[in-house]
>>> print(open('query_22.csv').read())   # CSV, C-alpha atoms
chain,number,residue,atom,x,y,z
A,1,MET,CA,1.3,17.4,-1.3
A,2,THR,CA,4.6,17.7,0.7
A,3,VAL,CA,3.0,15.4,3.3
A,4,ARG,CA,2.3,12.7,0.7
A,5,LEU,CA,5.8,12.9,-0.7
A,6,GLU,CA,7.2,12.7,2.8
A,7,GLU,CA,5.2,9.6,3.4
A,8,LEU,CA,6.5,7.9,0.3
A,9,LEU,CA,10.1,8.8,1.1
A,10,ARG,CA,9.6,7.6,4.7
A,11,GLN,CA,8.4,4.2,3.4
A,12,ALA,CA,11.4,3.9,1.2
A,13,PHE,CA,13.9,5.2,3.8
A,14,PRO,CA,12.4,4.2,7.1
A,15,ASP,CA,15.7,4.7,8.9
A,16,ALA,CA,16.4,8.2,7.4
A,17,THR,CA,18.2,10.5,9.8
A,18,GLU,CA,17.1,13.5,7.7
A,19,LEU,CA,14.1,13.7,5.5
A,20,ALA,CA,12.7,17.0,4.2
A,21,VAL,CA,10.3,18.0,1.4
A,22,GLU,CA,10.1,21.6,0.5
A,23,ASP,CA,7.5,23.1,-1.9
A,24,ARG,CA,9.9,25.5,-3.7
A,25,THR,CA,7.4,27.7,-5.3
A,26,GLY,CA,4.3,27.2,-3.2
A,27,GLY,CA,2.5,25.9,-6.3
A,28,GLY,CA,2.5,22.2,-5.2
A,29,ASP,CA,4.5,20.9,-8.1
A,30,HIS,CA,8.2,22.1,-7.7
A,31,PHE,CA,9.8,20.3,-4.9
A,32,GLN,CA,13.2,20.0,-3.2
A,33,VAL,CA,13.8,16.8,-1.2
A,34,VAL,CA,16.6,16.0,1.1
A,35,VAL,CA,17.3,12.5,2.2
A,36,THR,CA,20.1,11.3,4.5
A,37,SER,CA,19.9,7.6,5.2
A,38,PRO,CA,22.2,4.7,5.8
A,39,ARG,CA,20.5,3.0,2.9
A,40,LEU,CA,22.3,5.4,0.6
A,41,ALA,CA,25.7,4.8,2.1
A,42,GLY,CA,28.3,3.5,-0.4
A,43,LEU,CA,26.1,4.2,-3.4
A,44,SER,CA,27.0,6.5,-6.3
A,45,LEU,CA,25.0,9.7,-6.6
A,46,VAL,CA,23.2,8.3,-9.6
A,47,GLU,CA,22.2,5.2,-7.6
A,48,GLN,CA,21.2,7.4,-4.6
A,49,HIS,CA,19.0,9.6,-6.8
A,50,ARG,CA,17.5,6.5,-8.6
A,51,LEU,CA,16.2,5.3,-5.2
A,52,VAL,CA,14.6,8.6,-4.6
A,53,TYR,CA,13.0,8.6,-8.0
A,54,ASP,CA,11.8,5.0,-7.4
A,55,ALA,CA,10.2,6.1,-4.1
A,56,LEU,CA,8.4,9.0,-5.9
A,57,ALA,CA,7.7,7.1,-9.1
A,58,GLU,CA,3.9,7.6,-8.8
A,59,PRO,CA,3.8,11.4,-8.4
A,60,LEU,CA,6.5,11.7,-11.0
A,61,ALA,CA,4.6,9.6,-13.5
A,62,ASP,CA,1.2,11.2,-12.9
A,63,GLY,CA,2.6,14.7,-13.3
A,64,THR,CA,2.1,15.8,-9.7
A,65,ILE,CA,5.8,16.5,-9.5
A,66,HIS,CA,6.7,18.9,-12.3
A,67,GLU,CA,10.2,19.6,-11.1
A,68,LEU,CA,12.2,17.8,-8.5
A,69,ARG,CA,15.5,18.7,-6.9
A,70,ILE,CA,17.2,16.0,-4.9
A,71,LYS,CA,19.9,16.2,-2.3
A,72,THR,CA,21.1,12.9,-0.9
A,73,ARG,CA,23.7,11.8,1.6
A,74,GLY,CA,24.7,8.3,2.8
A,75,ASP,CA,24.7,8.4,6.5
A,76,GLY,CA,27.9,7.1,8.0
B,1,MET,CA,18.1,3.9,-37.9
B,2,ALA,CA,15.5,3.6,-35.1
B,3,LEU,CA,15.3,6.5,-32.7
B,4,LYS,CA,16.5,4.4,-29.8
B,5,ASP,CA,19.6,3.4,-31.7
B,6,ARG,CA,20.3,7.1,-32.7
B,7,ILE,CA,20.1,8.0,-29.0
B,8,GLN,CA,22.4,5.1,-28.0
B,9,GLU,CA,24.9,6.0,-30.8
B,10,THR,CA,24.9,9.7,-29.7
B,11,ILE,CA,25.5,8.8,-26.0
B,12,GLU,CA,28.3,6.4,-27.0
B,13,SER,CA,30.1,8.5,-29.6
B,14,GLU,CA,30.1,12.0,-28.1
B,15,ASP,CA,32.4,13.0,-25.2
B,16,VAL,CA,29.7,14.8,-23.2
B,17,VAL,CA,26.0,14.7,-24.1
B,18,LEU,CA,23.4,16.9,-22.5
B,19,PHE,CA,19.8,16.0,-23.1
B,20,MET,CA,17.9,19.1,-22.3
B,21,LYS,CA,14.7,21.1,-22.9
B,22,GLY,CA,15.6,23.7,-25.5
B,23,THR,CA,19.0,24.4,-26.9
B,24,PRO,CA,22.1,26.0,-25.4
B,25,GLU,CA,21.1,29.2,-27.2
B,26,GLN,CA,17.6,29.1,-25.9
B,27,VAL,CA,17.2,27.0,-22.7
B,28,LEU,CA,13.6,26.3,-21.9
B,29,CYS,CA,13.8,24.8,-18.4
B,30,GLY,CA,15.6,25.9,-15.2
B,31,ASN,CA,17.1,22.5,-14.5
B,32,SER,CA,18.5,22.2,-18.0
B,33,ALA,CA,20.0,25.7,-17.5
B,34,ARG,CA,21.6,24.5,-14.2
B,35,ALA,CA,23.1,21.5,-15.9
B,36,LEU,CA,24.4,23.5,-18.8
B,37,ASP,CA,25.9,26.2,-16.5
B,38,ALA,CA,27.7,23.5,-14.5
B,39,LEU,CA,29.2,22.0,-17.7
B,40,ARG,CA,30.2,25.4,-18.9
B,41,SER,CA,31.7,26.3,-15.6
B,42,VAL,CA,34.4,23.6,-16.0
B,43,GLY,CA,34.7,24.3,-19.7
B,44,ALA,CA,33.4,20.9,-20.8
B,45,PRO,CA,32.7,20.2,-24.4
B,46,VAL,CA,28.9,19.9,-24.8
B,47,THR,CA,26.8,18.0,-27.3
B,48,ALA,CA,23.3,19.1,-26.7
B,49,VAL,CA,20.1,17.2,-27.6
B,50,ASP,CA,16.8,19.0,-27.4
B,51,VAL,CA,14.2,16.5,-26.2
B,52,LEU,CA,11.2,18.8,-26.9
B,53,PRO,CA,10.7,18.3,-30.7
B,54,ASP,CA,9.6,14.7,-30.2
B,55,PRO,CA,8.2,13.3,-26.9
B,56,ALA,CA,9.5,9.9,-28.1
B,57,ILE,CA,13.1,11.1,-27.5
B,58,ARG,CA,12.5,11.5,-23.8
B,59,GLN,CA,10.6,8.2,-23.5
B,60,GLU,CA,13.3,6.2,-25.3
B,61,LEU,CA,16.1,8.0,-23.4
B,62,SER,CA,14.5,7.3,-20.0
B,63,ALA,CA,14.0,3.7,-20.9
B,64,LEU,CA,17.6,3.4,-21.9
B,65,SER,CA,19.1,5.3,-18.9
B,66,ASN,CA,16.7,4.3,-16.2
B,67,TRP,CA,16.4,8.0,-15.3
B,68,PRO,CA,13.0,9.6,-15.3
B,69,THR,CA,13.8,13.3,-15.6
B,70,ILE,CA,15.4,15.8,-18.0
B,71,PRO,CA,18.2,17.0,-18.1
B,72,GLN,CA,20.5,14.0,-18.3
B,73,VAL,CA,24.3,14.3,-18.7
B,74,PHE,CA,26.4,11.5,-20.1
B,75,VAL,CA,30.2,11.4,-20.3
B,76,ARG,CA,31.6,8.8,-22.7
B,77,GLY,CA,28.5,6.7,-22.5
B,78,GLU,CA,28.1,6.8,-18.8
B,79,LEU,CA,25.1,8.6,-17.1
B,80,VAL,CA,26.6,11.2,-14.8
B,81,GLY,CA,23.3,12.4,-13.6
B,82,GLY,CA,20.8,15.2,-13.7
B,83,ALA,CA,21.1,18.9,-12.8
B,84,ASP,CA,21.6,18.4,-9.1
B,85,ILE,CA,24.4,15.8,-9.4
B,86,VAL,CA,26.2,17.7,-12.2
B,87,GLN,CA,26.0,20.9,-10.3
B,88,GLU,CA,27.3,19.2,-7.1
B,89,LEU,CA,30.2,17.5,-9.0
B,90,ALA,CA,31.1,20.8,-10.6
B,91,GLU,CA,31.3,22.5,-7.3
B,92,THR,CA,33.4,19.8,-5.6
B,93,GLY,CA,35.8,19.5,-8.5
B,94,GLU,CA,34.8,15.9,-9.2
B,95,LEU,CA,33.3,16.8,-12.6
B,96,ARG,CA,36.7,17.9,-13.8
B,97,GLU,CA,38.3,14.7,-12.4
B,98,LYS,CA,35.6,12.6,-14.2
B,99,LEU,CA,36.4,14.4,-17.5
B,100,ASP,CA,40.1,14.0,-17.0
B,101,GLY,CA,39.5,10.3,-16.5
B,102,ALA,CA,37.1,9.8,-19.3
B,103,LEU,CA,38.6,12.1,-22.0
B,104,GLY,CA,42.2,12.0,-21.0
B,105,GLU,CA,44.1,15.0,-19.6
B,106,GLY,CA,44.4,17.8,-22.1
B,107,TRP,CA,40.7,18.0,-23.0
B,108,GLN,CA,40.7,21.5,-21.7
B,109,GLU,CA,43.3,22.6,-24.2
B,110,ARG,CA,41.3,21.4,-27.2
B,111,GLY,CA,39.0,24.4,-27.1
B,112,ARG,CA,35.5,24.4,-25.8
B,113,GLU,CA,33.1,23.0,-28.3
B,114,GLU,CA,29.3,23.3,-28.1
B,115,ARG,CA,27.1,21.7,-30.6
B,116,THR,CA,23.5,20.6,-31.0
B,117,VAL,CA,22.4,17.3,-32.5
B,118,GLU,CA,18.9,16.8,-33.8
B,119,LEU,CA,17.5,13.4,-33.1
B,120,ALA,CA,13.9,13.9,-34.1
B,121,GLU,CA,12.6,12.2,-37.2
B,122,GLY,CA,13.1,14.1,-40.4
B,123,SER,CA,15.3,16.8,-38.8
B,124,GLY,CA,18.1,18.4,-40.8
B,125,PRO,CA,21.8,17.8,-40.4
B,126,ALA,CA,23.4,18.4,-37.0
B,127,GLY,CA,24.7,21.9,-36.5
B,128,LEU,CA,28.2,22.5,-35.2
B,129,ARG,CA,29.2,25.6,-33.5
B,130,LEU,CA,32.6,26.5,-32.0
B,131,VAL,CA,32.5,28.6,-28.9
B,132,PRO,CA,35.2,31.3,-28.9
>>> encode(input="query_22.csv", output="structure tokens")
Amino acid sequence: MTVRLEELLRQAFPDATELAVEDRTGGGDHFQVVVTSPRLAGLSLVEQHRLVYDALAEPLADGTIHELRIKTRGDG
Amino acid sequence: MALKDRIQETIESEDVVLFMKGTPEQVLCGNSARALDALRSVGAPVTAVDVLPDPAIRQELSALSNWPTIPQVFVRGELVGGADIVQELAETGELREKLDGALGEGWQERGREERTVELAEGSGPAGLRLVP
């Protein structure tokens, strides 16, 4: 499952300099994602996280992701 | 009043609103606990809304806020974020600055208030509890 989430994030942030998905509990439904990308530069944290939510809209909507932690940085 | 309007009114009329799973007395989700702890760490006044009694609360809220997950924290009508953002802002000191800007300096002297508002259909009057 982490692979699928990584693919979705990679599509949304093709120029990410850092992109990591961690299965926090090993259960395949609690995830921590880290995205550092120039696409996030200059955006508020709310806007940054919205882009991550958009990228992961499908697994969020179908219940694959039960809990998501997000860490984003705009790459300077 | 329609549920959507009650949500909107709560967001706009309360200083700090936390939409959460459970109540401050009985938190039922780790992320809601992290958001509540972050707000408490700066001494923010918190108006809590439990989204669990009626799934429609969460649906209407997410449609309004364009934010898919719970918890959600609003300061004077503005979405500040979920648990990760609020925690980060509390750690960097930016949450305090945001509260200074939105509530005016001196909000910390007013005493920390924590209350729970019921938005579900047919619920009783809102409870108010002062935190010593």
>>> closest_residue(input="query_22.csv", among="B:Met1, B:Ala102, B:Val49, B:Leu61", to="Thr116 (chain B)", atoms="only C-alpha atoms")
B:Val49
>>> closest_residue(input="query_22.csv", among="B:Gln87, B:Asn66, B:Gln8, B:Thr92", to="chain A", atoms="all atoms listed in the file")
B:Asn66
>>> interface_residues(input="query_22.csv", of="chain A", to="chain B", cutoff="9 Å", atoms="only C-alpha atoms", output="ChimeraX atom specification")
/A:45-46,49-50,53,57,60-61,67-71
>>> write_last_selection(input="query_22.csv", atoms="C-alpha atoms", output="PDB file, in the frame of the given file")
ATOM      1  CA  LEU A  45      25.000   9.700  -6.600  1.00  0.00           C
ATOM      2  CA  VAL A  46      23.200   8.300  -9.600  1.00  0.00           C
ATOM      3  CA  HIS A  49      19.000   9.600  -6.800  1.00  0.00           C
ATOM      4  CA  ARG A  50      17.500   6.500  -8.600  1.00  0.00           C
ATOM      5  CA  TYR A  53      13.000   8.600  -8.000  1.00  0.00           C
ATOM      6  CA  ALA A  57       7.700   7.100  -9.100  1.00  0.00           C
ATOM      7  CA  LEU A  60       6.500  11.700 -11.000  1.00  0.00           C
ATOM      8  CA  ALA A  61       4.600   9.600 -13.500  1.00  0.00           C
ATOM      9  CA  GLU A  67      10.200  19.600 -11.100  1.00  0.00           C
ATOM     10  CA  LEU A  68      12.200  17.800  -8.500  1.00  0.00           C
ATOM     11  CA  ARG A  69      15.500  18.700  -6.900  1.00  0.00           C
ATOM     12  CA  ILE A  70      17.200  16.000  -4.900  1.00  0.00           C
ATOM     13  CA  LYS A  71      19.900  16.200  -2.300  1.00  0.00           C
TER      14      LYS A  71
END
>>> closest_residue(input="query_22.csv", among="A:Thr36, A:Thr2, A:Thr25, A:Thr17", to="Pro59 (chain A)", atoms="only C-alpha atoms")
A:Thr2
>>> residues_near_point(input="query_22.csv", point="(32.9, 28.3, -10.7)", cutoff="12 Å", atoms="only C-alpha atoms", output="number ranges by chain")
B: 37-43, 87-93, 95-96
>>> atom_distance(input="query_22.csv", atom1="CA of Lys98 (chain B)", atom2="CA of Pro24 (chain B)")
22.1 Å
>>> residues_around(input="query_22.csv", residues="Ala16 (chain A)", least_positions_apart="6", cutoff="12 Å", atoms="all atoms listed in the file", output="PyMOL selection string")
chain A and resi 6-7+9-10+34-41+72-76
>>> closest_residue(input="query_22.csv", among="A:Ile65, A:Leu43, A:Ala55, A:Ala12", to="Arg24 (chain A)", atoms="only C-alpha atoms")
A:Ile65
>>> atom_distance(input="query_22.csv", atom1="CA of Phe31 (chain A)", atom2="CA of Phe13 (chain A)")
17.9 Å
>>> residues_around(input="query_22.csv", residues="Val16 (chain B)", least_positions_apart="4", cutoff="8 Å", atoms="only C-alpha atoms", output="ChimeraX atom specification")
/B:11,44-47,73-76
>>> atom_distance(input="query_22.csv", atom1="CA of Glu78 (chain B)", atom2="CA of Glu14 (chain B)")
10.8 Å
>>> decode(input="query_22.csv", residues="region 32-44 of chain A", atoms="N, CA and C atoms", output="tab-separated table (two decimals), in the first residue's frame")
chain	number	residue	atom	x	y	z
A	32	GLN	N	2.16	7.97	7.49
A	32	GLN	CA	2.84	9.27	7.62
A	32	GLN	C	3.47	9.56	6.26
A	33	VAL	N	3.15	10.70	5.69
A	33	VAL	CA	3.79	11.05	4.42
A	33	VAL	C	4.59	12.33	4.58
A	34	VAL	N	5.71	12.37	3.90
A	34	VAL	CA	6.57	13.54	3.89
A	34	VAL	C	6.77	13.97	2.45
A	35	VAL	N	6.48	15.22	2.15
A	35	VAL	CA	6.68	15.72	0.79
A	35	VAL	C	7.42	17.05	0.84
A	36	THR	N	8.52	17.10	0.15
A	36	THR	CA	9.23	18.37	-0.05
A	36	THR	C	9.28	18.61	-1.55
A	37	SER	N	8.71	19.74	-1.96
A	37	SER	CA	8.61	19.98	-3.40
A	37	SER	C	8.55	21.46	-3.68
A	38	PRO	N	9.15	21.89	-4.79
A	38	PRO	CA	9.03	23.30	-5.18
A	38	PRO	C	7.57	23.70	-5.45
A	39	ARG	N	6.72	22.72	-5.77
A	39	ARG	CA	5.31	23.02	-6.01
A	39	ARG	C	4.63	23.55	-4.75
A	40	LEU	N	5.23	23.28	-3.59
A	40	LEU	CA	4.63	23.69	-2.33
A	40	LEU	C	5.14	25.06	-1.86
A	41	ALA	N	6.17	25.55	-2.55
A	41	ALA	CA	6.80	26.80	-2.12
A	41	ALA	C	5.82	27.96	-2.18
A	42	GLY	N	5.83	28.76	-1.15
A	42	GLY	CA	5.00	29.97	-1.13
A	42	GLY	C	3.55	29.72	-0.74
A	43	LEU	N	3.20	28.47	-0.52
A	43	LEU	CA	1.82	28.16	-0.12
A	43	LEU	C	1.72	28.07	1.40
A	44	SER	N	0.52	28.36	1.92
A	44	SER	CA	0.30	28.17	3.35
A	44	SER	C	0.27	26.68	3.66
